[in-house]
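Trainee: So here's work-v4.txt, just compact mmCIF, C-alpha atoms:
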# COMPACT_ATOMS: atom_id res chain seq x y z
CA MET A 1 -31.00 31.93 -49.64
CA PRO A 2 -34.34 33.64 -48.96
CA LEU A 3 -34.42 36.65 -46.67
CA PRO A 4 -37.75 36.40 -44.81
CA ASN A 5 -38.96 39.53 -43.06
CA VAL A 6 -35.73 41.41 -43.78
CA ARG A 7 -37.63 44.71 -43.88
CA ASN A 8 -38.95 44.25 -40.35
CA ARG A 9 -35.95 42.51 -38.86
CA PHE A 10 -33.20 44.84 -40.06
CA ARG A 11 -34.99 48.05 -39.21
CA CYS A 12 -33.49 47.98 -35.70
CA PRO A 13 -30.42 45.70 -35.71
CA VAL A 14 -28.08 48.17 -37.41
CA SER A 15 -28.59 50.53 -34.49
CA ILE A 16 -28.98 47.80 -31.87
CA LEU A 17 -25.66 46.40 -32.98
CA LEU A 18 -24.04 49.67 -32.20
CA ILE A 19 -24.56 48.04 -28.80
CA LEU A 20 -25.52 50.74 -26.32
CA LEU A 21 -26.70 53.09 -29.04
CA ALA A 22 -30.09 51.38 -29.31
CA SER A 23 -32.03 53.75 -27.06
CA ALA A 24 -35.81 53.66 -26.79
CA ALA A 25 -36.18 56.07 -29.70
CA VAL A 26 -34.52 53.56 -32.05
CA VAL A 27 -36.42 50.44 -31.00
CA CYS A 28 -38.92 49.10 -33.55
CA PRO A 29 -42.43 50.05 -32.39
CA ALA A 30 -43.74 46.67 -33.55
CA ARG A 31 -41.24 44.91 -31.29
CA ALA A 32 -41.51 47.13 -28.20
CA GLN A 33 -43.87 44.74 -26.45
CA ILE A 34 -41.69 41.73 -27.31
CA LEU A 35 -38.64 43.47 -25.90
CA GLY A 36 -40.48 44.28 -22.69
CA LEU A 37 -40.34 48.06 -23.11
CA GLY A 38 -43.92 48.43 -21.93
CA ALA A 39 -43.36 46.37 -18.80
CA LYS A 40 -43.44 47.79 -15.29
CA PRO A 41 -40.02 49.33 -14.41
CA ALA A 42 -37.76 47.33 -12.16
CA ALA A 43 -37.22 48.39 -8.57
CA PRO A 44 -34.76 51.29 -8.15
CA VAL A 45 -31.11 50.31 -7.88
CA VAL A 46 -28.12 52.12 -6.44
CA ILE A 47 -26.38 54.09 -9.18
CA PRO A 48 -22.58 53.67 -9.11
CA THR A 49 -20.17 56.58 -9.28
CA LEU A 50 -18.40 56.93 -12.62
CA GLN A 51 -14.70 56.38 -12.03
CA PRO A 52 -12.19 58.56 -13.93
CA PRO A 53 -9.86 56.97 -16.47
CA VAL A 54 -6.98 55.12 -14.84
CA PRO A 55 -3.78 57.17 -14.49
CA GLY A 56 -1.63 56.85 -17.58
CA TYR A 57 -4.42 55.75 -19.92
CA VAL A 58 -4.14 57.55 -23.27
CA PHE A 59 -7.18 58.05 -25.50
CA PRO A 60 -6.48 58.09 -29.26
CA GLU A 61 -5.62 61.51 -30.66
CA ARG A 62 -7.42 60.58 -33.87
CA GLU A 63 -8.70 57.18 -34.92
CA THR A 64 -11.27 55.65 -37.29
CA LEU A 65 -12.50 52.09 -36.75
CA THR A 66 -14.46 50.53 -39.62
CA PHE A 67 -16.50 47.37 -39.04
CA THR A 68 -18.40 45.05 -41.34
CA VAL A 69 -21.76 43.94 -39.96
CA ASP A 70 -22.58 40.28 -40.62
CA TRP A 71 -26.06 38.83 -40.24
CA ARG A 72 -26.51 35.11 -40.86
CA VAL A 73 -24.51 34.34 -44.02
CA PHE A 74 -24.23 37.77 -45.60
CA THR A 75 -22.87 41.24 -44.89
CA GLY A 76 -25.79 43.45 -43.94
CA GLY A 77 -24.01 46.77 -43.49
CA THR A 78 -21.08 48.75 -42.15
CA ALA A 79 -20.42 50.71 -38.98
CA VAL A 80 -17.75 53.35 -38.52
CA PHE A 81 -16.50 54.88 -35.27
CA HIS A 82 -14.40 58.04 -35.43
CA LEU A 83 -12.55 59.42 -32.40
CA GLU A 84 -10.77 62.75 -32.21
CA GLN A 85 -9.41 64.70 -29.25
CA GLN A 86 -10.12 68.41 -28.94
CA GLY A 87 -8.45 69.73 -25.81
CA ASP A 88 -9.74 67.72 -22.85
CA LEU A 89 -12.68 66.35 -24.86
CA LEU A 90 -12.78 63.15 -26.88
CA ARG A 91 -15.28 63.58 -29.72
CA VAL A 92 -16.86 60.29 -30.81
CA SER A 93 -19.04 59.80 -33.87
CA ALA A 94 -20.58 56.63 -35.27
CA THR A 95 -22.44 55.74 -38.45
CA ALA A 96 -24.53 52.69 -39.31
CA ASP A 97 -25.50 51.96 -42.91
CA THR A 98 -27.21 48.99 -44.54
CA ALA A 99 -25.69 47.39 -47.63
CA GLY A 100 -26.59 45.05 -50.48
CA ALA A 101 -30.00 43.38 -50.48
CA VAL A 102 -30.89 44.84 -47.08
CA ASN A 103 -30.28 48.36 -48.34
CA MET A 104 -32.59 47.80 -51.30
CA LEU A 105 -35.38 46.44 -49.08
CA PHE A 106 -35.07 48.84 -46.16
CA PRO A 107 -32.30 51.49 -46.21
CA VAL A 108 -30.88 52.59 -42.86
CA VAL A 109 -28.57 55.59 -42.42
CA ASP A 110 -28.00 56.38 -38.73
CA ARG A 111 -25.59 58.95 -37.28
CA PHE A 112 -24.52 59.35 -33.65
CA GLN A 113 -22.25 61.86 -31.89
CA SER A 114 -21.05 62.25 -28.32
CA SER A 115 -18.11 63.52 -26.33
CA LEU A 116 -16.46 62.74 -23.01
CA ASP A 117 -14.05 64.54 -20.69
CA THR A 118 -10.77 62.62 -20.93
CA LYS A 119 -9.88 63.52 -17.33
CA THR A 120 -13.16 62.60 -15.61
CA GLY A 121 -14.87 60.28 -18.13
CA CYS A 122 -18.08 62.34 -17.85
CA SER A 123 -20.17 62.63 -21.00
CA GLU A 124 -20.72 66.11 -22.36
CA GLY A 125 -23.74 65.15 -24.50
CA PHE A 126 -25.18 62.71 -27.01
CA SER A 127 -27.02 63.30 -30.27
CA LYS A 128 -28.40 61.11 -33.02
CA GLN A 129 -29.94 61.40 -36.47
CA ILE A 130 -32.05 58.39 -37.47
CA GLN A 131 -33.10 57.70 -41.05
CA GLU A 132 -34.79 54.31 -41.42
CA GLY A 133 -37.02 53.99 -44.45
CA ARG A 134 -39.35 57.01 -44.32
CA ARG A 135 -38.68 57.64 -40.64
CA LYS A 136 -36.39 60.60 -39.86
CA ILE A 137 -35.70 61.63 -36.27
CA SER A 138 -33.02 63.79 -34.68
CA SER A 139 -32.39 64.34 -30.98
CA ASP A 140 -29.86 66.11 -28.78
CA LEU A 141 -29.22 65.20 -25.14
CA THR A 142 -27.23 67.63 -23.00
CA PHE A 143 -26.09 67.46 -19.37
CA ASP A 144 -25.98 70.33 -16.88
CA TYR A 145 -24.14 68.68 -14.01
CA HIS A 146 -24.08 71.88 -11.95
CA ALA A 147 -27.89 72.04 -12.01
CA GLY A 148 -28.28 68.26 -11.87
CA LYS A 149 -30.39 68.21 -15.04
CA GLN A 150 -30.38 66.51 -18.44
CA THR A 151 -32.38 67.89 -21.35
CA GLU A 152 -33.39 66.16 -24.57
CA VAL A 153 -34.69 67.96 -27.65
CA GLU A 154 -36.22 65.59 -30.22
CA LYS A 155 -37.37 66.53 -33.71
CA ASN A 156 -39.51 64.54 -36.12
CA LEU A 157 -38.10 65.71 -39.44
CA VAL A 158 -40.98 64.20 -41.42
CA LYS A 159 -43.83 65.68 -39.40
CA GLY A 160 -41.98 68.87 -38.53
CA THR A 161 -42.69 68.48 -34.80
CA GLN A 162 -40.43 68.98 -31.78
CA LYS A 163 -40.54 68.12 -28.08
CA THR A 164 -38.29 68.98 -25.15
CA GLN A 165 -37.98 66.90 -21.99
CA THR A 166 -35.92 67.39 -18.82
CA SER A 167 -35.05 65.11 -15.91
CA ASN A 168 -32.52 64.78 -13.10
CA VAL A 169 -29.00 63.50 -13.66
CA PRO A 170 -26.15 62.53 -11.26
CA ALA A 171 -22.93 64.50 -11.02
CA CYS A 172 -21.27 62.46 -13.78
CA VAL A 173 -22.59 59.89 -16.27
CA THR A 174 -21.54 58.22 -19.49
CA ASP A 175 -23.71 57.90 -22.58
CA SER A 176 -24.49 55.03 -24.92
CA LEU A 177 -21.78 55.91 -27.46
CA SER A 178 -18.81 57.31 -25.56
CA GLY A 179 -19.43 54.64 -22.91
CA ILE A 180 -17.94 52.03 -25.27
CA PHE A 181 -14.64 53.93 -25.23
CA TYR A 182 -14.87 55.04 -21.60
CA VAL A 183 -14.80 51.35 -20.61
CA ALA A 184 -11.51 51.01 -22.48
CA SER A 185 -9.99 53.47 -19.97
CA GLN A 186 -10.78 51.17 -17.02
CA PRO A 187 -8.79 48.19 -15.73
CA LEU A 188 -10.22 45.13 -17.50
CA VAL A 189 -9.41 42.18 -15.26
CA VAL A 190 -11.14 38.85 -15.81
CA GLY A 191 -13.63 38.24 -13.03
CA ARG A 192 -13.76 41.88 -11.97
CA ASP A 193 -16.85 43.81 -13.15
CA VAL A 194 -16.96 47.47 -14.14
CA GLY A 195 -20.14 49.32 -13.12
CA LEU A 196 -21.12 52.58 -14.73
CA PRO A 197 -24.05 55.04 -14.67
CA LEU A 198 -25.50 55.35 -18.17
CA ALA A 199 -27.80 58.13 -19.37
CA ASP A 200 -30.66 56.32 -21.10
CA ALA A 201 -33.83 57.99 -22.42
CA LEU A 202 -33.82 60.65 -19.66
CA ARG A 203 -33.12 58.06 -16.98
CA THR A 204 -29.87 56.97 -15.38
CA VAL A 205 -29.39 53.20 -15.25
CA THR A 206 -26.61 50.97 -13.98
CA VAL A 207 -24.76 48.97 -16.62
CA THR A 208 -22.42 46.25 -15.42
CA MET A 209 -19.58 45.36 -17.75
CA LYS A 210 -18.72 41.73 -16.92
CA VAL A 211 -15.10 41.02 -17.79
CA GLU A 212 -15.39 37.36 -18.74
CA ALA A 213 -12.34 35.84 -20.47
CA HIS A 214 -9.22 36.15 -22.60
CA GLU A 215 -9.76 35.10 -26.23
CA GLU A 216 -7.99 35.21 -29.58
CA VAL A 217 -10.14 36.91 -32.20
CA LYS A 218 -9.58 36.88 -35.96
CA THR A 219 -10.94 39.80 -37.99
CA PRO A 220 -10.27 41.20 -41.48
CA ALA A 221 -7.96 43.71 -39.77
CA GLY A 222 -5.86 40.97 -38.19
CA THR A 223 -5.67 38.54 -35.29
CA PHE A 224 -5.89 39.99 -31.79
CA GLN A 225 -5.47 38.81 -28.23
CA THR A 226 -8.56 40.17 -26.51
CA ILE A 227 -10.59 40.48 -23.34
CA ARG A 228 -14.28 39.60 -23.73
CA VAL A 229 -16.69 41.93 -21.92
CA GLN A 230 -20.46 41.51 -21.60
CA PRO A 231 -22.64 44.54 -20.75
CA THR A 232 -25.67 43.70 -18.61
CA ALA A 233 -28.37 45.75 -16.89
CA GLU A 234 -31.56 45.31 -14.89
CA GLU A 235 -33.28 48.07 -16.87
CA GLY A 236 -32.75 50.39 -19.83
CA VAL A 237 -31.16 49.88 -23.24
CA VAL A 238 -29.24 46.70 -22.48
CA LYS A 239 -32.04 44.77 -20.74
CA ASN A 240 -34.13 42.41 -22.89
CA ARG A 241 -31.92 42.84 -25.98
CA GLY A 242 -30.50 39.34 -25.74
CA ALA A 243 -26.81 38.75 -25.00
CA ILE A 244 -24.21 41.32 -26.08
CA TRP A 245 -20.41 41.12 -26.02
CA ILE A 246 -17.51 43.45 -26.84
CA TRP A 247 -13.96 42.19 -27.42
CA TYR A 248 -11.24 44.71 -26.44
CA THR A 249 -7.58 44.20 -27.24
CA ASP A 250 -5.66 42.76 -24.29
CA ASP A 251 -3.16 45.59 -24.11
CA ALA A 252 -2.94 49.17 -22.86
CA ARG A 253 -5.17 50.49 -25.68
CA HIS A 254 -8.21 48.27 -25.08
CA MET A 255 -9.39 48.91 -28.64
CA PRO A 256 -12.72 47.28 -29.52
CA VAL A 257 -12.18 44.82 -32.38
CA GLN A 258 -15.36 42.74 -32.34
CA ILE A 259 -18.94 43.26 -31.14
CA ARG A 260 -21.68 40.63 -31.13
CA ALA A 261 -25.38 40.63 -30.29
CA ARG A 262 -27.21 37.33 -29.93
CA LEU A 263 -30.87 38.32 -30.26
CA PHE A 264 -34.07 36.29 -30.22
CA TRP A 265 -34.18 36.15 -34.04
CA GLY A 266 -30.48 35.68 -34.78
CA THR A 267 -26.90 36.84 -34.23
CA ILE A 268 -25.22 39.92 -35.67
CA THR A 269 -21.47 40.50 -35.45
CA PHE A 270 -19.23 43.52 -36.02
CA HIS A 271 -15.80 42.50 -37.36
CA LEU A 272 -13.05 45.13 -37.39
CA GLN A 273 -12.21 45.82 -41.04
CA SER A 274 -9.62 48.57 -40.73
CA VAL A 275 -8.01 51.09 -38.38
CA GLU A 276 -6.84 54.53 -39.50
CA THR A 277 -5.04 57.12 -37.40
CA LYS A 278 -4.97 60.07 -39.77
Mind converting the file's structure to structure tokens?
Mentor:
Amino acid sequence: MPLPNVRNRFRCPVSILLILLASAAVVCPARAQILGLGAKPAAPVVIPTLQPPVPGYVFPERETLTFTVDWRVFTGGTAVFHLEQQGDLLRVSATADTAGAVNMLFPVVDRFQSSLDTKTGCSEGFSKQIQEGRRKISSDLTFDYHAGKQTEVEKNLVKGTQKTQTSNVPACVTDSLSGIFYVASQPLVVGRDVGLPLADALRTVTVTMKVEAHEEVKTPAGTFQTIRVQPTAEEGVVKNRGAIWIWYTDDARHMPVQIRARLFWGTITFHLQSVETK
């Protein structure tokens, strides 16, 4: 089967399909206009307060979730999430790598790290290292809640340049990586939405997690009873990306076992391949 425009199309999806990880710095420049990133910002909305994890919820002490990434009829890559508790912090890292024909045409090796306070849910920071073809970017976003400021330091590793930007931040936010696992700490009841403030490219936007339905999901790691959740937003990383869903196990863990993005050029799905706890 021919793979038309694989080089252009897969440059972003590996990161986009890490759902909320696809911040403005990762979006394909050639597709920015199509995705509406140059459009006039929407009217300001009320930012919700991040709720702490529900009493009794237990984050994994140590866990590695490996997903295969399917695009059309072939496996286009892998994604790995690693969680590890260090005191009151949950350290979360994620990797996205192309595979097979896609890797030969346009290799992608992306790395993301973040951490959240297991008592409050507040993010402690978010960093990423992007290597897509010849493009190499690293950035670190930190939060100073006492001062009400967030600071991002971005480095272009090819050009050897660096820029630092600062903006305001509420008293507690989640980020686009740890937010996936923060949501697992909330009550997921069909028909009841979960709103959260998300730090996004030096802004704070409201993401609404719509808890839609109970579904059985089959993955290489097994068959799971799940709760399907759809993140939506009026602005920021989720808006204009098409439709995105996350399937969490319908139990006390709320482990993500499947992720899907239905974009304007096709659908990409993460299927849980394996779970390790050591």
Trainee: Pick out the closest residue to Val173 of chain A from this set: A:Ile47, A:Pro197, A:Lys159, A:Ser185. Count all atoms listed in the file.
Mentor: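 Selected residue with least distance to Val173 of chain A: A:Pro197.
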Trainee: When you draw a straight line from atom CA of Ile180 of chain A to atom CA of Val46 of chain A, how long is it in Å?
Mentor: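 So the two atoms, atom CA of Ile180 of chain A and atom CA of Val46 of chain A, lie 21.4 Å apart.
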Trainee: Between A:Trp245, A:Tyr145, A:Tyr57, A:Phe224, which is the closest to Leu272 of chain A once you count all atoms listed in the file?
Mentor: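 Closest residue, counting all atoms listed in the file: A:Phe224.
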Trainee: If you take all atoms listed in the file and a cut-off of 12 Å, which residues of segment 75-192 of chain A touch segment 212-220 of chain A, and what are their nearest atom pairs and distances in Å to one decimal, in chain and number order, as a tab-separated table?
Mentor:
residue	atom	partner	partner_atom	distance
A:Leu188	CA	A:Glu212	CA	9.4
A:Val189	CA	A:Glu212	CA	8.4
A:Val190	CA	A:Glu212	CA	5.4
A:Gly191	CA	A:Glu212	CA	6.0
A:Arg192	CA	A:Glu212	CA	8.3
Trainee: Between atom CA of Thr267 of chain A and atom CA of Asp70 of chain A, what distance in Å does the model show, to one decimal?
Mentor: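 Calculated distance between atom CA of Thr267 of chain A and atom CA of Asp70 of chain A is 8.4 Å.
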Trainee: Using all atoms listed in the file, find all polymer residues with an atom at most 8 Å away from the point (-27.5, 62.9, -23.1); report them as an mmCIF file with C-alpha atoms, in the coordinates of the input.
Mentor:
data_model
loop_
_atom_site.group_PDB
_atom_site.id
_atom_site.type_symbol
_atom_site.label_atom_id
_atom_site.label_comp_id
_atom_site.auth_asym_id
_atom_site.auth_seq_id
_atom_site.Cartn_x
_atom_site.Cartn_y
_atom_site.Cartn_z
ATOM 1 C CA SER A 123 -20.170 62.630 -21.000
ATOM 2 C CA GLU A 124 -20.720 66.110 -22.360
ATOM 3 C CA GLY A 125 -23.740 65.150 -24.500
ATOM 4 C CA PHE A 126 -25.180 62.710 -27.010
ATOM 5 C CA SER A 127 -27.020 63.300 -30.270
ATOM 6 C CA ASP A 140 -29.860 66.110 -28.780
ATOM 7 C CA LEU A 141 -29.220 65.200 -25.140
ATOM 8 C CA THR A 142 -27.230 67.630 -23.000
ATOM 9 C CA PHE A 143 -26.090 67.460 -19.370
ATOM 10 C CA GLN A 150 -30.380 66.510 -18.440
ATOM 11 C CA THR A 151 -32.380 67.890 -21.350
ATOM 12 C CA GLU A 152 -33.390 66.160 -24.570
ATOM 13 C CA ASP A 175 -23.710 57.900 -22.580
ATOM 14 C CA ALA A 199 -27.800 58.130 -19.370
ATOM 15 C CA ASP A 200 -30.660 56.320 -21.100
ATOM 16 C CA LEU A 202 -33.820 60.650 -19.660
#
Trainee: What does the distance from atom CA of Ala79 of chain A to atom CA of Pro187 of chain A come to in Å, to one decimal?
Mentor: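 Computed distance, atom CA of Ala79 of chain A to atom CA of Pro187 of chain A, equals 26.1 Å.
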Trainee: Using only C-alpha atoms, determine which residues lie at most 9 Å from Glu61 of chain A, disregarding the query and same-chain residues fewer than 3 positions distant; provide the list as a compact mmCIF listing (two decimals) with C-alpha atoms, in the coordinates of the input.
Mentor:
# COMPACT_ATOMS: atom_id res chain seq x y z
CA VAL A 58 -4.14 57.55 -23.27
CA LEU A 83 -12.55 59.42 -32.40
CA GLU A 84 -10.77 62.75 -32.21
CA GLN A 85 -9.41 64.70 -29.25
CA GLN A 86 -10.12 68.41 -28.94
CA LEU A 90 -12.78 63.15 -26.88
CA THR A 277 -5.04 57.12 -37.40
Trainee: Would you mind telling me which residue in A:Leu177, A:Ile137, A:Ile244, A:Val54 lies nearest to Gly160 of chain A when using only C-alpha atoms?
Mentor: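 That would be A:Ile137, the residue with the smallest distance to Gly160 of chain A.
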Trainee: Need the shell around Ala171 of chain A: protein/DNA/RNA residues with any atom at most 9 Å away, counting all atoms listed in the file. Skip same-chain ones fewer than 6 positions apart. Format as a compact mmCIF listing (two decimals) with C-alpha atoms, in the frame of the given file?
Mentor:
# COMPACT_ATOMS: atom_id res chain seq x y z
CA THR A 49 -20.17 56.58 -9.28
CA LEU A 50 -18.40 56.93 -12.62
CA CYS A 122 -18.08 62.34 -17.85
CA ASP A 144 -25.98 70.33 -16.88
CA TYR A 145 -24.14 68.68 -14.01
CA HIS A 146 -24.08 71.88 -11.95
CA GLY A 148 -28.28 68.26 -11.87
Trainee: Considering all atoms listed in the file, state which residue in the set A:Val158, A:Val92, A:Val183, A:Val275 is at the smallest distance from Gly195 of chain A.
Mentor: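 That would be A:Val183, the residue with the smallest distance to Gly195 of chain A.
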Trainee: For Phe270 of chain A, work out the shell of residues within 9 Å, counting only C-alpha atoms and skipping chain neighbours fewer than 2 positions away, then give it as a VMD selection string.
Mentor: chain A and resid 17 to 18 67 to 70 78 to 79 257 to 261 268 272 to 273
Trainee: Restricting it to C-alpha atoms, dump the selection as a PDB file, keeping the file's coordinate frame.
Mentor:
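Generated file (result_30.pdb):
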ATOM      1  CA  LEU A  17     -25.660  46.400 -32.980  1.00  0.00           C
ATOM      2  CA  LEU A  18     -24.040  49.670 -32.200  1.00  0.00           C
ATOM      3  CA  PHE A  67     -16.500  47.370 -39.040  1.00  0.00           C
ATOM      4  CA  THR A  68     -18.400  45.050 -41.340  1.00  0.00           C
ATOM      5  CA  VAL A  69     -21.760  43.940 -39.960  1.00  0.00           C
ATOM      6  CA  ASP A  70     -22.580  40.280 -40.620  1.00  0.00           C
ATOM      7  CA  THR A  78     -21.080  48.750 -42.150  1.00  0.00           C
ATOM      8  CA  ALA A  79     -20.420  50.710 -38.980  1.00  0.00           C
ATOM      9  CA  VAL A 257     -12.180  44.820 -32.380  1.00  0.00           C
ATOM     10  CA  GLN A 258     -15.360  42.740 -32.340  1.00  0.00           C
ATOM     11  CA  ILE A 259     -18.940  43.260 -31.140  1.00  0.00           C
ATOM     12  CA  ARG A 260     -21.680  40.630 -31.130  1.00  0.00           C
ATOM     13  CA  ALA A 261     -25.380  40.630 -30.290  1.00  0.00           C
ATOM     14  CA  ILE A 268     -25.220  39.920 -35.670  1.00  0.00           C
ATOM     15  CA  LEU A 272     -13.050  45.130 -37.390  1.00  0.00           C
ATOM     16  CA  GLN A 273     -12.210  45.820 -41.040  1.00  0.00           C
TER      17      GLN A 273
END
